[in-house]
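What's in query17.txt: compact mmCIF, C-alpha atoms
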# COMPACT_ATOMS: atom_id res chain seq x y z
CA MET S 1179 -167.82 142.40 -55.61
CA THR S 1180 -165.92 144.33 -52.95
CA VAL S 1181 -166.85 147.73 -51.55
CA VAL S 1182 -164.12 150.33 -52.12
CA TYR S 1183 -165.97 153.46 -50.94
CA GLU S 1184 -169.17 154.17 -49.05
CA ASP S 1185 -170.88 157.15 -47.41
CA ASN S 1186 -174.50 158.15 -46.74
CA HIS S 1187 -175.24 158.87 -50.39
CA LEU S 1188 -172.92 156.65 -52.46
CA ILE S 1189 -171.44 153.21 -52.60
CA ILE S 1190 -168.66 152.33 -55.06
CA VAL S 1191 -167.87 148.68 -55.66
CA ASN S 1192 -165.24 146.75 -57.58
CA LYS S 1193 -167.21 144.20 -59.58
CA THR S 1194 -165.86 140.90 -60.83
CA ALA S 1195 -165.98 140.09 -64.53
CA SER S 1196 -168.90 137.69 -64.21
CA GLU S 1197 -171.38 140.01 -62.45
CA ILE S 1198 -174.14 141.87 -64.27
CA VAL S 1199 -174.91 145.41 -63.11
CA GLN S 1200 -178.66 145.26 -63.79
CA GLY S 1201 -181.05 142.36 -64.28
CA ASP S 1202 -181.30 140.89 -67.78
CA LYS S 1203 -182.83 137.91 -69.54
CA THR S 1204 -180.36 135.49 -67.92
CA GLY S 1205 -182.20 135.92 -64.63
CA ASP S 1206 -178.87 136.02 -62.77
CA THR S 1207 -178.74 138.13 -59.62
CA PRO S 1208 -177.59 141.62 -60.63
CA LEU S 1209 -175.00 143.67 -58.78
CA SER S 1210 -177.68 146.16 -57.70
CA GLU S 1211 -179.46 143.36 -55.76
CA THR S 1212 -176.20 142.07 -54.24
CA VAL S 1213 -175.44 145.60 -52.97
CA LYS S 1214 -178.98 145.97 -51.57
CA GLN S 1215 -178.53 142.71 -49.67
CA TYR S 1216 -175.13 143.84 -48.40
CA LEU S 1217 -176.59 147.13 -47.07
CA LYS S 1218 -179.61 145.36 -45.57
CA GLU S 1219 -177.35 143.03 -43.60
CA LYS S 1220 -174.70 145.60 -42.70
CA TYR S 1221 -177.20 148.10 -41.27
CA ASN S 1222 -179.85 145.56 -40.24
CA LYS S 1223 -182.43 147.43 -42.32
CA PRO S 1224 -186.04 146.29 -42.43
CA GLY S 1225 -187.99 146.64 -45.69
CA ASN S 1226 -186.63 147.79 -49.01
CA VAL S 1227 -183.21 149.34 -49.49
CA PHE S 1228 -182.82 152.03 -52.15
CA ILE S 1229 -180.05 151.53 -54.71
CA GLY S 1230 -179.86 153.51 -57.93
CA VAL S 1231 -177.72 152.43 -60.88
CA THR S 1232 -175.87 155.44 -62.34
CA HIS S 1233 -173.94 153.70 -65.15
CA ARG S 1234 -173.17 150.22 -66.41
CA LEU S 1235 -170.20 148.00 -67.11
CA ASP S 1236 -170.46 145.16 -69.60
CA ARG S 1237 -170.73 141.79 -67.90
CA PRO S 1238 -167.25 140.48 -68.90
CA VAL S 1239 -165.59 143.72 -67.69
CA SER S 1240 -164.29 144.13 -64.14
CA GLY S 1241 -163.87 147.27 -62.07
CA LEU S 1242 -165.60 150.23 -60.50
CA VAL S 1243 -169.34 150.79 -60.46
CA VAL S 1244 -170.84 153.84 -58.74
CA LEU S 1245 -174.26 153.29 -57.14
CA ALA S 1246 -176.50 155.81 -55.38
CA LYS S 1247 -177.99 155.16 -51.93
CA THR S 1248 -180.40 158.12 -52.09
CA SER S 1249 -182.69 159.46 -54.81
CA LYS S 1250 -181.09 162.89 -54.46
CA ALA S 1251 -177.63 161.46 -55.19
CA LEU S 1252 -179.01 159.34 -58.05
CA ALA S 1253 -180.58 162.32 -59.87
CA ARG S 1254 -177.40 164.38 -59.54
CA LEU S 1255 -175.04 161.54 -60.47
CA ASN S 1256 -177.12 160.67 -63.54
CA GLU S 1257 -176.75 164.27 -64.70
CA MET S 1258 -172.99 164.23 -63.94
CA PHE S 1259 -172.45 161.05 -65.98
CA ARG S 1260 -174.59 162.48 -68.79
CA THR S 1261 -172.60 165.73 -68.97
CA GLY S 1262 -169.16 164.12 -68.62
CA LYS S 1263 -168.41 165.37 -65.10
CA VAL S 1264 -167.27 161.93 -63.95
CA GLU S 1265 -163.73 161.05 -65.05
CA LYS S 1266 -163.47 157.34 -65.89
CA THR S 1267 -160.15 155.61 -66.50
CA TYR S 1268 -159.92 152.06 -67.82
CA TRP S 1269 -157.05 149.63 -68.26
CA ALA S 1270 -157.11 147.31 -71.25
CA ILE S 1271 -154.75 144.48 -72.17
CA THR S 1272 -154.34 144.07 -75.94
CA LYS S 1273 -152.24 141.79 -78.10
CA ASN S 1274 -151.14 144.42 -80.59
CA LEU S 1275 -149.42 147.75 -80.13
CA PRO S 1276 -151.50 150.81 -81.08
CA PRO S 1277 -150.25 152.94 -84.01
CA ALA S 1278 -148.84 155.53 -81.59
CA GLU S 1279 -147.94 155.35 -77.88
CA GLU S 1280 -150.61 157.93 -77.10
CA GLY S 1281 -153.54 159.28 -79.04
CA THR S 1282 -157.18 160.32 -79.22
CA LEU S 1283 -159.61 158.09 -81.11
CA THR S 1284 -162.68 159.68 -82.67
CA HIS S 1285 -165.21 157.45 -84.40
CA TYR S 1286 -168.91 157.27 -85.13
CA LEU S 1287 -170.53 154.20 -83.59
CA THR S 1288 -173.64 152.42 -84.78
CA ARG S 1289 -175.23 149.73 -82.62
CA ASN S 1290 -176.68 146.47 -83.90
CA GLU S 1291 -179.23 145.40 -81.27
CA LYS S 1292 -179.64 141.86 -82.66
CA GLN S 1293 -175.91 141.15 -82.46
CA ASN S 1294 -175.47 143.28 -79.30
CA LYS S 1295 -172.47 144.81 -81.04
CA SER S 1296 -171.27 148.25 -82.11
CA TYR S 1297 -169.47 149.20 -85.32
CA ALA S 1298 -167.01 152.11 -85.63
CA TYR S 1299 -166.76 154.38 -88.67
CA ASP S 1300 -164.47 157.28 -89.51
CA THR S 1301 -167.35 159.36 -90.83
CA GLU S 1302 -170.86 159.99 -89.59
CA LYS S 1303 -173.48 157.39 -90.57
CA PRO S 1304 -177.28 157.48 -90.16
CA GLY S 1305 -178.09 156.82 -86.50
CA SER S 1306 -174.43 156.88 -85.44
CA LYS S 1307 -173.14 158.51 -82.25
CA LEU S 1308 -169.85 160.32 -81.75
CA ALA S 1309 -167.38 158.29 -79.65
CA VAL S 1310 -164.17 159.81 -78.27
CA LEU S 1311 -161.48 158.30 -76.05
CA HIS S 1312 -157.88 159.06 -75.21
CA TYR S 1313 -155.39 156.21 -74.74
CA ARG S 1314 -151.76 155.85 -73.78
CA LEU S 1315 -149.44 152.87 -73.61
CA ARG S 1316 -148.58 152.19 -69.97
CA ALA S 1317 -146.55 149.00 -70.28
CA ARG S 1318 -145.75 146.12 -72.58
CA SER S 1319 -144.57 142.53 -72.24
CA ASP S 1320 -143.40 140.05 -74.88
CA ASN S 1321 -146.96 139.25 -75.89
CA TYR S 1322 -149.26 141.99 -74.63
CA CYS S 1323 -149.61 145.74 -74.02
CA LEU S 1324 -151.37 147.58 -71.23
CA LEU S 1325 -153.31 150.62 -72.43
CA GLU S 1326 -154.79 153.28 -70.17
CA VAL S 1327 -158.01 154.70 -71.59
CA ASP S 1328 -159.78 157.91 -70.58
CA LEU S 1329 -163.34 157.76 -71.80
CA LYS S 1330 -164.70 161.06 -73.11
CA THR S 1331 -168.12 159.72 -74.19
CA GLY S 1332 -170.07 156.72 -72.93
CA ARG S 1333 -171.22 154.60 -75.86
CA HIS S 1334 -172.25 150.94 -76.11
CA HIS S 1335 -169.08 148.76 -76.10
CA GLN S 1336 -167.12 151.92 -76.91
CA ILE S 1337 -163.63 150.95 -75.73
CA ARG S 1338 -163.94 147.40 -77.08
CA CYS S 1339 -165.14 148.63 -80.46
CA GLN S 1340 -162.74 151.56 -80.90
CA LEU S 1341 -159.62 149.63 -79.87
CA ALA S 1342 -160.59 146.79 -82.22
CA ARG S 1343 -161.01 149.36 -85.01
CA ILE S 1344 -157.32 150.36 -84.69
CA GLY S 1345 -156.21 146.71 -84.68
CA CYS S 1346 -155.98 146.29 -80.89
CA PRO S 1347 -158.83 144.00 -79.80
CA ILE S 1348 -158.93 143.44 -76.05
CA LYS S 1349 -157.60 140.09 -74.79
CA GLY S 1350 -160.43 137.56 -74.57
CA ASP S 1351 -162.92 139.68 -76.53
CA LEU S 1352 -164.10 137.24 -79.21
CA LYS S 1353 -166.95 139.58 -80.20
CA TYR S 1354 -164.46 142.22 -81.36
CA GLY S 1355 -161.91 140.00 -83.01
CA PHE S 1356 -159.59 138.56 -80.35
CA PRO S 1357 -158.82 134.97 -81.41
CA ARG S 1358 -159.22 133.24 -78.03
CA SER S 1359 -161.48 133.67 -75.04
CA ASN S 1360 -160.16 134.05 -71.48
CA PRO S 1361 -160.61 130.86 -69.39
CA ASP S 1362 -163.10 132.58 -67.03
CA GLY S 1363 -165.12 134.21 -69.83
CA SER S 1364 -163.90 137.69 -68.93
CA ILE S 1365 -162.28 140.20 -71.23
CA SER S 1366 -159.13 142.00 -70.09
CA LEU S 1367 -160.79 145.38 -69.57
CA HIS S 1368 -160.91 146.91 -66.10
CA ALA S 1369 -162.61 150.10 -64.89
CA ARG S 1370 -159.59 151.24 -62.90
CA ARG S 1371 -160.46 154.68 -61.56
CA VAL S 1372 -163.34 157.13 -61.07
CA LYS S 1373 -162.93 160.75 -60.09
CA PHE S 1374 -165.69 163.28 -59.50
CA VAL S 1375 -166.99 165.93 -57.12
CA HIS S 1376 -169.42 164.39 -54.62
CA PRO S 1377 -172.96 165.34 -55.73
CA VAL S 1378 -174.07 166.22 -52.18
CA SER S 1379 -171.03 167.05 -50.01
CA GLY S 1380 -168.94 168.66 -52.77
CA LYS S 1381 -165.74 166.84 -51.76
CA LEU S 1382 -163.50 165.23 -54.34
CA ILE S 1383 -163.97 161.47 -54.71
CA ASP S 1384 -161.04 159.69 -56.36
CA VAL S 1385 -161.15 155.89 -56.17
CA VAL S 1386 -158.89 153.23 -57.70
CA ALA S 1387 -159.88 149.57 -58.04
CA PRO S 1388 -157.35 146.76 -57.53
CA VAL S 1389 -156.87 144.72 -60.73
CA PRO S 1390 -158.32 141.20 -61.02
CA ASP S 1391 -156.47 138.40 -59.24
CA ASP S 1392 -154.80 137.16 -62.39
CA ASN S 1393 -151.14 136.66 -63.25
CA LEU S 1394 -151.29 138.66 -66.47
CA TRP S 1395 -152.76 141.72 -64.75
CA LYS S 1396 -150.25 141.39 -61.92
CA ALA S 1397 -147.35 141.15 -64.37
CA PHE S 1398 -148.13 144.68 -65.54
CA LEU S 1399 -148.22 146.18 -62.04
CA PRO S 1400 -144.87 147.39 -60.75
CA GLU S 1401 -144.20 146.08 -57.27
Go ahead and render the structure in this file as structure tokens.
Amino acid sequence: MTVVYEDNHLIIVNKTASEIVQGDKTGDTPLSETVKQYLKEKYNKPGNVFIGVTHRLDRPVSGLVVLAKTSKALARLNEMFRTGKVEKTYWAITKNLPPAEEGTLTHYLTRNEKQNKSYAYDTEKPGSKLAVLHYRLRARSDNYCLLEVDLKTGRHHQIRCQLARIGCPIKGDLKYGFPRSNPDGSISLHARRVKFVHPVSGKLIDVVAPVPDDNLWKAFLPE
């Protein structure tokens, strides 16, 4: 992970595709602990360091994660994420072109806990949740397309599931129908940008994360 923004209340990091945001059954060190250690060393802090997780990124996804350094910021950020006051933009590399260059996808998602997978439907199902995103085609190469996705709701595996539903599974995402995995186990989905009003100071925060150090990502970025 690399730190891309920090002040007294917040720290925003660009996570690599292999890092987990919060501890899970793997027992691997989560991002929240790595950030605590970073702050402890940077400020030579004795005792415990407070870090609050405001949202999550799936393990194989890279990009921006917003963490709170104070309980006041955490409570306010949690509410902002819940009510859609944080703008989140993702970049996804897919094999297939979407049906239109730009569009809004609206589905109803159900989650299968055993499979750790979501399923998208065109109509409401028992226990389903509304999922909305807007996408546009940013670039294309001979083999792949780069889609920019603005997330309007935050559902489990939402982008992965909805793009797969329209025939555009994300590169490397075996779970949602891409034929091959990426060599490093990542999927080609990157949390590119977050934009929101600072929960304490009121200033506008607008942060962009560099893409992973990978030739395919770099091929899509104009010099």
Rows by chain and residue number, segment 1240-1319 of chain S within 8 Å of segment 1342-1364 of chain S, shortest pair, all atoms listed in the file, as a tab-separated table:
residue	atom	partner	partner_atom	distance
S:Ala1270	CA	S:Ile1348	CA	6.4
S:Ile1271	CA	S:Ile1348	CA	5.8
S:Thr1272	CA	S:Ile1348	CA	4.6
S:Lys1273	CA	S:Cys1346	CA	6.5
S:Asn1274	CA	S:Cys1346	CA	5.2
S:Leu1275	CA	S:Cys1346	CA	6.8
S:Pro1276	CA	S:Cys1346	CA	6.4
S:Pro1277	CA	S:Ile1344	CA	7.6
S:Lys1295	CA	S:Lys1353	CA	7.7
S:Ala1298	CA	S:Arg1343	CA	6.6
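Note that atom CA of Gly1230 of chain S and atom CA of His1312 of chain S are 28.5 Å apart.
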Check your understanding: Could you state the separation of atom CA of Ile1229 of chain S and atom CA of Val1310 of chain S in Å, given to one decimal place?
Key -> 29.6 Å
Review point. With only C-alpha atoms as the basis for distance, which of S:Arg1316, S:Lys1381, S:Lys1292, S:His1368 is at the shortest distance from Phe1398 of chain S?
Key: S:Arg1316
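The closest residue to Thr1282 of chain S, picked from S:Lys1218, S:Arg1314, S:Arg1370, S:Lys1250 and counting all atoms listed in the file, is S:Arg1314.
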Incomplete segment 1295-1323 of chain S filled out to N, CA and C atoms as a tab-separated table (two decimals), keeping the file's coordinate frame:
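The resulting selection.tsv:
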chain	number	residue	atom	x	y	z
S	1295	LYS	N	-173.81	144.44	-80.62
S	1295	LYS	CA	-172.47	144.81	-81.04
S	1295	LYS	C	-172.48	146.20	-81.65
S	1296	SER	N	-171.39	146.93	-81.48
S	1296	SER	CA	-171.27	148.25	-82.11
S	1296	SER	C	-170.22	148.21	-83.22
S	1297	TYR	N	-170.40	149.10	-84.18
S	1297	TYR	CA	-169.47	149.20	-85.32
S	1297	TYR	C	-168.95	150.63	-85.40
S	1298	ALA	N	-167.64	150.78	-85.61
S	1298	ALA	CA	-167.01	152.11	-85.63
S	1298	ALA	C	-166.71	152.54	-87.05
S	1299	TYR	N	-167.03	153.80	-87.34
S	1299	TYR	CA	-166.76	154.38	-88.67
S	1299	TYR	C	-165.99	155.68	-88.51
S	1300	ASP	N	-165.23	156.03	-89.54
S	1300	ASP	CA	-164.47	157.28	-89.51
S	1300	ASP	C	-165.34	158.49	-89.81
S	1301	THR	N	-166.45	158.26	-90.50
S	1301	THR	CA	-167.35	159.36	-90.83
S	1301	THR	C	-168.74	159.07	-90.29
S	1302	GLU	N	-169.53	160.12	-90.15
S	1302	GLU	CA	-170.86	159.99	-89.59
S	1302	GLU	C	-171.75	159.13	-90.47
S	1303	LYS	N	-172.52	158.25	-89.85
S	1303	LYS	CA	-173.48	157.39	-90.57
S	1303	LYS	C	-174.87	157.65	-89.99
S	1304	PRO	N	-175.94	157.30	-90.72
S	1304	PRO	CA	-177.28	157.48	-90.16
S	1304	PRO	C	-177.41	156.74	-88.82
S	1305	GLY	N	-177.88	157.44	-87.81
S	1305	GLY	CA	-178.09	156.82	-86.50
S	1305	GLY	C	-176.83	156.62	-85.68
S	1306	SER	N	-175.69	157.10	-86.19
S	1306	SER	CA	-174.43	156.88	-85.44
S	1306	SER	C	-174.26	157.93	-84.33
S	1307	LYS	N	-173.42	157.59	-83.36
S	1307	LYS	CA	-173.14	158.51	-82.25
S	1307	LYS	C	-171.64	158.74	-82.16
S	1308	LEU	N	-171.26	159.97	-81.88
S	1308	LEU	CA	-169.85	160.32	-81.75
S	1308	LEU	C	-169.25	159.60	-80.55
S	1309	ALA	N	-168.08	158.99	-80.74
S	1309	ALA	CA	-167.38	158.29	-79.65
S	1309	ALA	C	-165.94	158.79	-79.61
S	1310	VAL	N	-165.52	159.26	-78.43
S	1310	VAL	CA	-164.17	159.81	-78.27
S	1310	VAL	C	-163.51	159.19	-77.04
S	1311	LEU	N	-162.27	158.74	-77.20
S	1311	LEU	CA	-161.48	158.30	-76.05
S	1311	LEU	C	-160.02	158.70	-76.26
S	1312	HIS	N	-159.32	158.79	-75.15
S	1312	HIS	CA	-157.88	159.06	-75.21
S	1312	HIS	C	-157.17	157.84	-74.63
S	1313	TYR	N	-156.10	157.37	-75.28
S	1313	TYR	CA	-155.39	156.21	-74.74
S	1313	TYR	C	-153.90	156.54	-74.64
S	1314	ARG	N	-153.22	155.82	-73.76
S	1314	ARG	CA	-151.76	155.85	-73.78
S	1314	ARG	C	-151.22	154.49	-73.37
S	1315	LEU	N	-150.09	154.15	-73.92
S	1315	LEU	CA	-149.44	152.87	-73.61
S	1315	LEU	C	-148.76	152.99	-72.26
S	1316	ARG	N	-149.18	152.15	-71.32
S	1316	ARG	CA	-148.58	152.19	-69.97
S	1316	ARG	C	-147.43	151.21	-69.80
S	1317	ALA	N	-147.56	150.05	-70.45
S	1317	ALA	CA	-146.55	149.00	-70.28
S	1317	ALA	C	-146.69	147.99	-71.40
S	1318	ARG	N	-145.65	147.21	-71.61
S	1318	ARG	CA	-145.75	146.12	-72.58
S	1318	ARG	C	-144.90	144.94	-72.13
S	1319	SER	N	-145.34	143.74	-72.53
S	1319	SER	CA	-144.57	142.53	-72.24
S	1319	SER	C	-144.23	141.92	-73.60
S	1320	ASP	N	-143.73	140.70	-73.60
S	1320	ASP	CA	-143.40	140.05	-74.88
S	1320	ASP	C	-144.63	139.88	-75.76
S	1321	ASN	N	-145.77	139.59	-75.12
S	1321	ASN	CA	-146.96	139.25	-75.89
S	1321	ASN	C	-148.09	140.28	-75.84
S	1322	TYR	N	-148.09	141.12	-74.83
S	1322	TYR	CA	-149.26	141.99	-74.63
S	1322	TYR	C	-148.84	143.42	-74.29
S	1323	CYS	N	-149.81	144.34	-74.45
S	1323	CYS	CA	-149.61	145.74	-74.02
S	1323	CYS	C	-150.72	146.11	-73.04
